[in-house]
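Next up, data_14.cif (mmCIF, C-alpha atoms):
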data_my_file
#
loop_
_atom_site.label_atom_id
_atom_site.label_comp_id
_atom_site.auth_asym_id
_atom_site.auth_seq_id
_atom_site.Cartn_x
_atom_site.Cartn_y
_atom_site.Cartn_z
CA MET A 1 0.00 0.00 0.00
CA LEU A 2 1.14 3.51 -0.79
CA VAL A 3 -0.57 6.45 0.93
CA ILE A 4 0.10 9.79 -0.76
CA LEU A 5 -0.25 12.76 1.59
CA PRO A 6 -0.64 16.40 0.64
CA PRO A 7 2.27 18.71 1.44
CA SER A 8 1.96 21.72 3.71
CA GLU A 9 2.90 25.34 3.21
CA THR A 10 4.45 25.36 6.68
CA LYS A 11 7.73 23.52 7.04
CA SER A 12 10.22 23.01 9.83
CA ASP A 13 13.53 24.83 9.76
CA GLY A 14 17.03 23.43 9.69
CA GLY A 15 18.04 19.82 9.53
CA SER A 16 21.18 17.74 9.89
CA GLY A 17 21.33 16.22 6.41
CA ALA A 18 23.60 17.19 3.55
CA PRO A 19 22.32 19.76 1.03
CA LEU A 20 19.78 18.71 -1.58
CA ASP A 21 20.87 15.87 -3.86
CA LEU A 22 18.15 14.95 -6.32
CA ASP A 23 19.69 11.51 -6.81
CA ALA A 24 19.02 10.80 -3.12
CA LEU A 25 15.27 11.13 -3.68
CA SER A 26 12.84 8.42 -4.72
CA PHE A 27 11.29 8.47 -8.20
CA THR A 28 14.54 9.64 -9.82
CA GLU A 29 12.82 9.72 -13.21
CA LEU A 30 11.30 13.01 -11.99
CA ASN A 31 14.71 14.64 -11.50
CA PRO A 32 14.82 16.63 -14.76
CA THR A 33 11.58 18.40 -13.87
CA ARG A 34 12.65 18.77 -10.25
CA LYS A 35 15.86 20.50 -11.32
CA ARG A 36 14.06 22.75 -13.78
CA ILE A 37 11.63 23.96 -11.09
CA ALA A 38 14.29 24.18 -8.38
CA ASP A 39 16.56 26.33 -10.53
CA ALA A 40 13.59 28.53 -11.42
CA ILE A 41 12.66 29.29 -7.81
CA VAL A 42 16.28 29.95 -6.89
CA ASP A 43 16.58 32.42 -9.78
CA LEU A 44 13.24 33.96 -8.83
CA ALA A 45 14.50 34.55 -5.28
CA ALA A 46 16.86 37.24 -6.61
CA ASP A 47 13.78 39.44 -7.20
CA LEU A 48 11.88 39.95 -3.97
CA ASP A 49 8.85 41.59 -5.52
CA ALA A 50 8.52 38.96 -8.26
CA SER A 51 8.88 36.19 -5.67
CA GLN A 52 6.21 37.74 -3.49
CA LYS A 53 3.82 37.90 -6.43
CA ALA A 54 4.54 34.45 -7.89
CA LEU A 55 4.46 32.67 -4.53
CA GLY A 56 1.51 34.59 -3.09
CA LEU A 57 3.44 35.83 -0.07
CA GLY A 58 2.33 38.40 2.44
CA LYS A 59 4.68 40.97 3.94
CA THR A 60 5.28 38.77 6.99
CA GLN A 61 6.31 35.79 4.83
CA LEU A 62 9.26 37.24 2.95
CA ALA A 63 11.69 34.96 4.79
CA GLU A 64 10.31 32.22 2.55
CA VAL A 65 12.23 33.84 -0.32
CA ASP A 66 15.48 33.31 1.58
CA ARG A 67 14.60 29.63 1.92
CA ASN A 68 14.25 29.36 -1.84
CA ALA A 69 17.46 31.27 -2.45
CA ASP A 70 19.36 28.73 -0.33
CA LEU A 71 17.61 25.69 -1.77
CA TRP A 72 20.79 23.98 -3.03
CA LEU A 73 22.83 24.96 0.05
CA SER A 74 20.60 24.51 3.11
CA PRO A 75 20.50 21.33 5.22
CA THR A 76 17.92 18.63 4.63
CA ARG A 77 15.80 16.40 6.82
CA PRO A 78 13.36 13.56 6.07
CA ALA A 79 10.26 14.79 4.29
CA ILE A 80 7.97 13.40 7.00
CA GLU A 81 9.77 15.68 9.48
CA ARG A 82 10.00 18.67 7.13
CA TYR A 83 6.27 19.16 6.56
CA THR A 84 4.25 20.50 9.51
CA GLY A 85 0.70 21.59 10.25
CA VAL A 86 -2.69 20.09 11.04
CA LEU A 87 -2.39 16.85 9.05
CA TYR A 88 1.12 16.13 10.28
CA ASP A 89 0.14 16.90 13.87
CA ALA A 90 -2.64 14.31 13.61
CA LEU A 91 -0.32 11.78 11.98
CA ASP A 92 2.16 12.43 14.82
CA HIS A 93 5.03 10.53 13.22
CA ARG A 94 7.31 11.26 16.14
CA SER A 95 5.16 9.21 18.54
CA LEU A 96 5.09 6.11 16.36
CA THR A 97 6.90 3.01 17.53
CA LYS A 98 10.03 1.89 15.70
CA ALA A 99 7.88 -0.60 13.79
CA GLY A 100 5.41 2.16 12.97
CA LYS A 101 8.16 4.41 11.64
CA ASN A 102 9.46 1.58 9.49
CA LYS A 103 5.97 1.13 8.05
CA ALA A 104 5.71 4.89 7.51
CA ALA A 105 8.92 4.73 5.46
CA GLU A 106 7.40 1.94 3.35
CA ARG A 107 3.84 3.21 3.05
CA LEU A 108 3.90 7.02 3.02
CA ALA A 109 4.67 9.42 0.20
CA ILE A 110 4.08 13.18 0.04
CA GLY A 111 2.98 15.21 -2.96
CA SER A 112 4.99 18.32 -3.75
CA ALA A 113 4.87 21.22 -6.18
CA LEU A 114 8.67 21.23 -6.24
CA PHE A 115 9.50 17.52 -6.13
CA GLY A 116 6.36 15.96 -7.60
CA VAL A 117 6.28 13.26 -4.96
CA VAL A 118 8.77 12.04 -2.36
CA ARG A 119 8.89 9.15 0.05
CA ALA A 120 8.61 9.83 3.78
CA THR A 121 12.34 9.41 4.43
CA ASP A 122 13.61 11.35 1.39
CA PRO A 123 15.91 14.21 2.53
CA ILE A 124 14.61 17.62 1.45
CA PRO A 125 15.31 21.24 2.41
CA ALA A 126 12.79 23.86 3.48
CA TYR A 127 11.24 25.69 0.53
CA ARG A 128 8.16 27.61 -0.56
CA LEU A 129 6.14 26.64 -3.63
CA SER A 130 2.45 25.82 -3.83
CA GLY A 131 0.61 23.72 -6.38
CA GLY A 132 -1.16 26.78 -7.77
CA SER A 133 1.95 28.94 -8.11
CA LYS A 134 2.93 30.22 -11.56
CA LEU A 135 6.67 30.65 -12.08
CA PRO A 136 7.78 33.28 -14.61
CA GLY A 137 9.00 31.80 -17.87
CA LEU A 138 7.65 28.30 -17.18
CA PRO A 139 4.41 26.50 -18.04
CA THR A 140 1.96 25.87 -15.24
CA LEU A 141 3.04 23.32 -12.66
CA THR A 142 0.26 21.02 -13.85
CA ALA A 143 1.63 21.15 -17.39
CA LEU A 144 5.15 20.50 -16.11
CA TRP A 145 4.27 17.63 -13.81
CA LYS A 146 1.26 15.78 -15.16
CA PRO A 147 2.82 13.54 -17.87
CA ASP A 148 5.83 12.29 -15.89
CA LEU A 149 4.30 12.34 -12.41
CA SER A 150 1.25 10.33 -13.42
CA ALA A 151 3.47 7.81 -15.19
CA ALA A 152 5.74 7.47 -12.15
CA LEU A 153 2.82 6.94 -9.76
CA ASP A 154 0.96 4.61 -12.11
CA ALA A 155 4.08 2.44 -12.19
CA VAL A 156 3.93 1.87 -8.41
CA ASP A 157 3.04 -1.77 -7.86
CA ASP A 158 0.86 -1.14 -4.81
CA PHE A 159 -2.66 -0.30 -3.80
CA VAL A 160 -2.64 3.53 -3.77
CA VAL A 161 -4.61 5.73 -1.36
CA ASP A 162 -4.45 9.32 -2.60
CA LEU A 163 -5.09 11.79 0.22
CA ARG A 164 -3.74 14.79 -1.68
CA SER A 165 -5.92 17.86 -2.05
CA GLY A 166 -7.41 18.57 -5.46
CA ILE A 167 -4.71 20.87 -6.77
CA TYR A 168 -1.99 18.31 -5.99
CA GLN A 169 -4.00 15.44 -7.45
CA GLN A 170 -4.17 17.47 -10.66
CA LEU A 171 -0.36 17.61 -10.83
CA GLY A 172 -0.30 13.84 -11.28
CA PRO A 173 -3.55 11.83 -11.21
CA VAL A 174 -3.13 8.16 -10.30
CA SER A 175 -5.12 5.58 -12.22
CA GLY A 176 -7.07 3.29 -9.89
CA ALA A 177 -6.20 5.18 -6.72
CA VAL A 178 -8.73 5.43 -3.91
CA THR A 179 -9.48 8.93 -2.64
CA ALA A 180 -11.12 10.10 0.58
CA THR A 181 -13.70 12.75 1.41
CA VAL A 182 -14.50 13.92 4.93
CA VAL A 183 -18.06 15.09 5.67
CA THR A 184 -20.08 16.13 8.67
CA GLU A 185 -23.54 14.73 9.20
CA ALA A 186 -26.25 16.78 10.89
CA ALA A 187 -29.05 15.32 13.01
CA ASP A 188 -31.42 15.46 10.04
CA GLY A 189 -29.02 13.36 7.95
CA THR A 190 -27.77 16.15 5.70
CA ARG A 191 -24.07 16.12 4.95
CA LYS A 192 -21.51 18.81 4.26
CA VAL A 193 -17.93 18.43 3.08
CA VAL A 194 -15.49 19.32 5.86
CA SER A 195 -13.02 22.07 5.07
CA HIS A 196 -11.30 23.23 8.26
CA PHE A 197 -10.81 19.79 9.85
CA ASN A 198 -10.32 17.88 6.60
CA LYS A 199 -6.54 17.71 7.07
CA HIS A 200 -6.92 16.57 10.67
CA TYR A 201 -9.06 13.57 9.74
CA LYS A 202 -6.81 12.65 6.84
CA GLY A 203 -3.86 12.72 9.23
CA LEU A 204 -5.72 10.29 11.51
CA MET A 205 -6.45 8.09 8.51
CA ALA A 206 -2.78 8.03 7.53
CA ARG A 207 -1.78 7.18 11.09
CA GLU A 208 -4.09 4.16 11.19
CA LEU A 209 -2.87 2.97 7.79
CA VAL A 210 0.71 3.16 9.05
CA ARG A 211 -0.02 1.42 12.34
CA THR A 212 -2.08 -1.46 11.01
CA ARG A 213 -0.49 -4.88 10.78
CA ARG A 214 -2.83 -5.85 7.98
CA THR A 215 -1.84 -5.92 4.35
CA VAL A 216 -4.33 -3.56 2.72
CA ARG A 217 -4.84 -4.47 -0.93
CA ASP A 218 -8.17 -2.87 -1.81
CA ILE A 219 -10.83 -0.39 -0.77
CA ASN A 220 -12.63 -2.93 1.40
CA GLY A 221 -9.48 -3.54 3.41
CA LEU A 222 -8.98 0.22 3.71
CA ALA A 223 -12.51 0.75 5.00
CA SER A 224 -12.10 -2.12 7.44
CA VAL A 225 -8.93 -0.67 8.98
CA LEU A 226 -10.53 2.73 9.40
CA SER A 227 -13.76 1.29 10.81
CA ASP A 228 -11.87 -0.80 13.35
CA ALA A 229 -10.09 2.39 14.43
CA GLY A 230 -13.47 3.93 15.29
CA GLN A 231 -14.05 5.96 12.15
CA ARG A 232 -17.41 5.83 10.38
CA VAL A 233 -16.69 5.01 6.75
CA GLU A 234 -18.72 4.42 3.60
CA ILE A 235 -17.48 3.18 0.23
CA VAL A 236 -18.55 5.24 -2.78
CA ARG A 237 -18.27 4.11 -6.42
CA GLY A 238 -15.48 1.68 -5.61
CA ASP A 239 -12.76 4.34 -5.72
CA GLU A 240 -13.69 6.68 -2.87
CA VAL A 241 -14.24 6.37 0.86
CA VAL A 242 -16.30 8.89 2.77
CA VAL A 243 -15.39 9.48 6.41
CA ILE A 244 -18.40 10.77 8.34
CA THR A 245 -18.01 12.96 11.40
CA ASP A 246 -20.53 14.60 13.72
#
In structure tokens, how does this file's structure come out?
Amino acid sequence: MLVILPPSETKSDGGSGAPLDLDALSFTELNPTRKRIADAIVDLAADLDASQKALGLGKTQLAEVDRNADLWLSPTRPAIERYTGVLYDALDHRSLTKAGKNKAAERLAIGSALFGVVRATDPIPAYRLSGGSKLPGLPTLTALWKPDLSAALDAVDDFVVDLRSGIYQQLGPVSGAVTATVVTEAADGTRKVVSHFNKHYKGLMARELVRTRRTVRDINGLASVLSDAGQRVEIVRGDEVVVITD
């Protein structure tokens, strides 16, 4: 099983790993596009105003430009430790047992506007680039990523659970992947798609899929793991699970 998580705009600082080496990342067939985008954001960092516009930065976020400027020089850390925020708090990788962390290394991947997709233990630096960003002089990120990223993910010989948000799914759709939607259910039975806590529940889903000792090969196995963990789950159309919250 491969569970693909969305990235986060917030990232931890520092790290103890050597500077970025694309050959140290998984899915090395993506390296030409990775280098093209990486060089573009480093070049862009020389122009503060252009960076602010292209990356959608507020005045309090200009330090993100310095991160991009130092992309090839700054230290790295495992991707699962680099990304932070609501989903990663719920996943709580740090609290997993040694066995759980080994399973996380095997089962988790993270979508990325810069790297396409990386495995949990791939060493990456801090950076700023969102899936909807438009870099000067380059096609859209979807146009850059879609052909090669979809091919790389389709070649994975595993049952794929795609928890990426829509914009990151568009960068590289995965044929046959199962997606997840989180909804709330009111007393009268009406449902509404969750927005604010969506990442939290997907983080809990990822945690259970890392912790389980079962070999999950299909959507029924996925639903069973989540149900046994106390989540209310329905299967929709054979390629989507709906997690229902109060």
- Message: What's around segment 174-189 of chain A at 10 Å? Count all atoms listed in the file, leave out sequence neighbours fewer than 4 positions away in its own chain, and write the answer as JSON, numbers by chain.
- Response: {"A": [2, 3, 4, 149, 150, 151, 152, 153, 154, 155, 156, 158, 159, 160, 161, 162, 163, 164, 165, 169, 170, 193, 194, 195, 197, 198, 199, 200, 201, 202, 205, 218, 219, 222, 233, 234, 235, 236, 237, 238, 239, 240, 241, 242, 243, 244, 245, 246]}
- Item | Selection: 7 Å around segment 115-121 of chain A, only C-alpha atoms, excl. self and same-chain fewer than 6 positions, as an MDAnalysis selection string | chainID A and resid 25:26 34 78:80 104:105 108:109 145 149
- Quick one: pull the distance between atom CA of Asp13 of chain A and atom CA of Val86 of chain A, Å, one decimal.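 Taking atom CA of Asp13 of chain A and atom CA of Val86 of chain A, their separation equals 16.9 Å.
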- Message: Going by the chain IDs and residue numbers used in this file, which residues fall under the PyMOL selection byres ((chain A and resi 55-71) around 6)? Write them as a list of chain:residue names.
- Response: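 The output of the PyMOL selection byres ((chain A and resi 55-71) around 6) on this file is A:Val42, A:Ala45, A:Ser51, A:Gln52, A:Lys53, A:Ala54, A:Trp72, A:Leu73, A:Ser74, A:Tyr127, A:Arg128, A:Ser133.
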- Message: Once the PyMOL selection byres ((chain A and resi 113) around 8) has been evaluated on this model, what residues remain selected, and can you format them as a list in words?
- Response: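 Applied to this file, the PyMOL selection byres ((chain A and resi 113) around 8) returns Gly111, Ser112, Leu114, Phe115, Gly116, Leu129, Ser130, Gly131, Leu141, Tyr168 and Leu171 of chain A.
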- Task: With the file shown as input, list the residues that the PyMOL selection byres ((chain A and resi 7) around 7) selects, as an NGL selection string.
- Result: :A and (5-6 or 8-9 or 83 or 110-112)
- Message: Measuring between all atoms listed in the file, which one of A:Gly221, A:Arg211, A:Gly14, A:Arg82 shows the shortest distance to Glu106 of chain A?
- Response: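 Looking only at the distances to Glu106 of chain A, the closest residue turns out to be A:Arg211.
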- Task: Can you work out the spacing between atom CA of Leu138 of chain A and atom CA of Pro19 of chain A in Å, to one decimal?
- Result: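 Those two atoms sit 24.9 Å apart.
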- Message: Using Å and a single decimal, report how far atom CA of Pro75 of chain A sits from atom CA of Ala126 of chain A.
- Response: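 Atom-to-atom, atom CA of Ala126 of chain A to atom CA of Pro75 of chain A, that is 8.3 Å.
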- Task: Select, from A:Ile41, A:Asp92, A:Thr28, A:Arg77, the residue with the minimum atom-to-atom distance to Ala206 of chain A, counting only C-alpha atoms.
- Result: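 Residue with the minimum atom-to-atom distance to Ala206 of chain A: A:Asp92.
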- Which residue, A:Asp228, A:Asp148, A:Asp89, A:Asp39, has the smallest gap to Leu135 of chain A when you use only C-alpha atoms?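 Closest residue, counting only C-alpha atoms: A:Asp39.
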- Message: Here is a test: counting all atoms listed in the file, which residue of A:Lys11, A:Ser16, A:Leu144, A:Ser95 is nearest to Arg36 of chain A?
- Response: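 The closest residue to Arg36 of chain A is A:Leu144.
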- For each of A:Ala40, A:Leu96, A:Leu87, A:Pro123, take the minimum atom-to-atom distance to Asp23 of chain A, counting all atoms listed in the file, then give the residue where this is smallest.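 Nearest to Asp23 of chain A: A:Pro123.
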- Note on the structure: Closest of A:Asp49, A:Glu208, A:Glu29, A:Glu81 to Ile124 of chain A, counting all atoms listed in the file, is A:Glu81
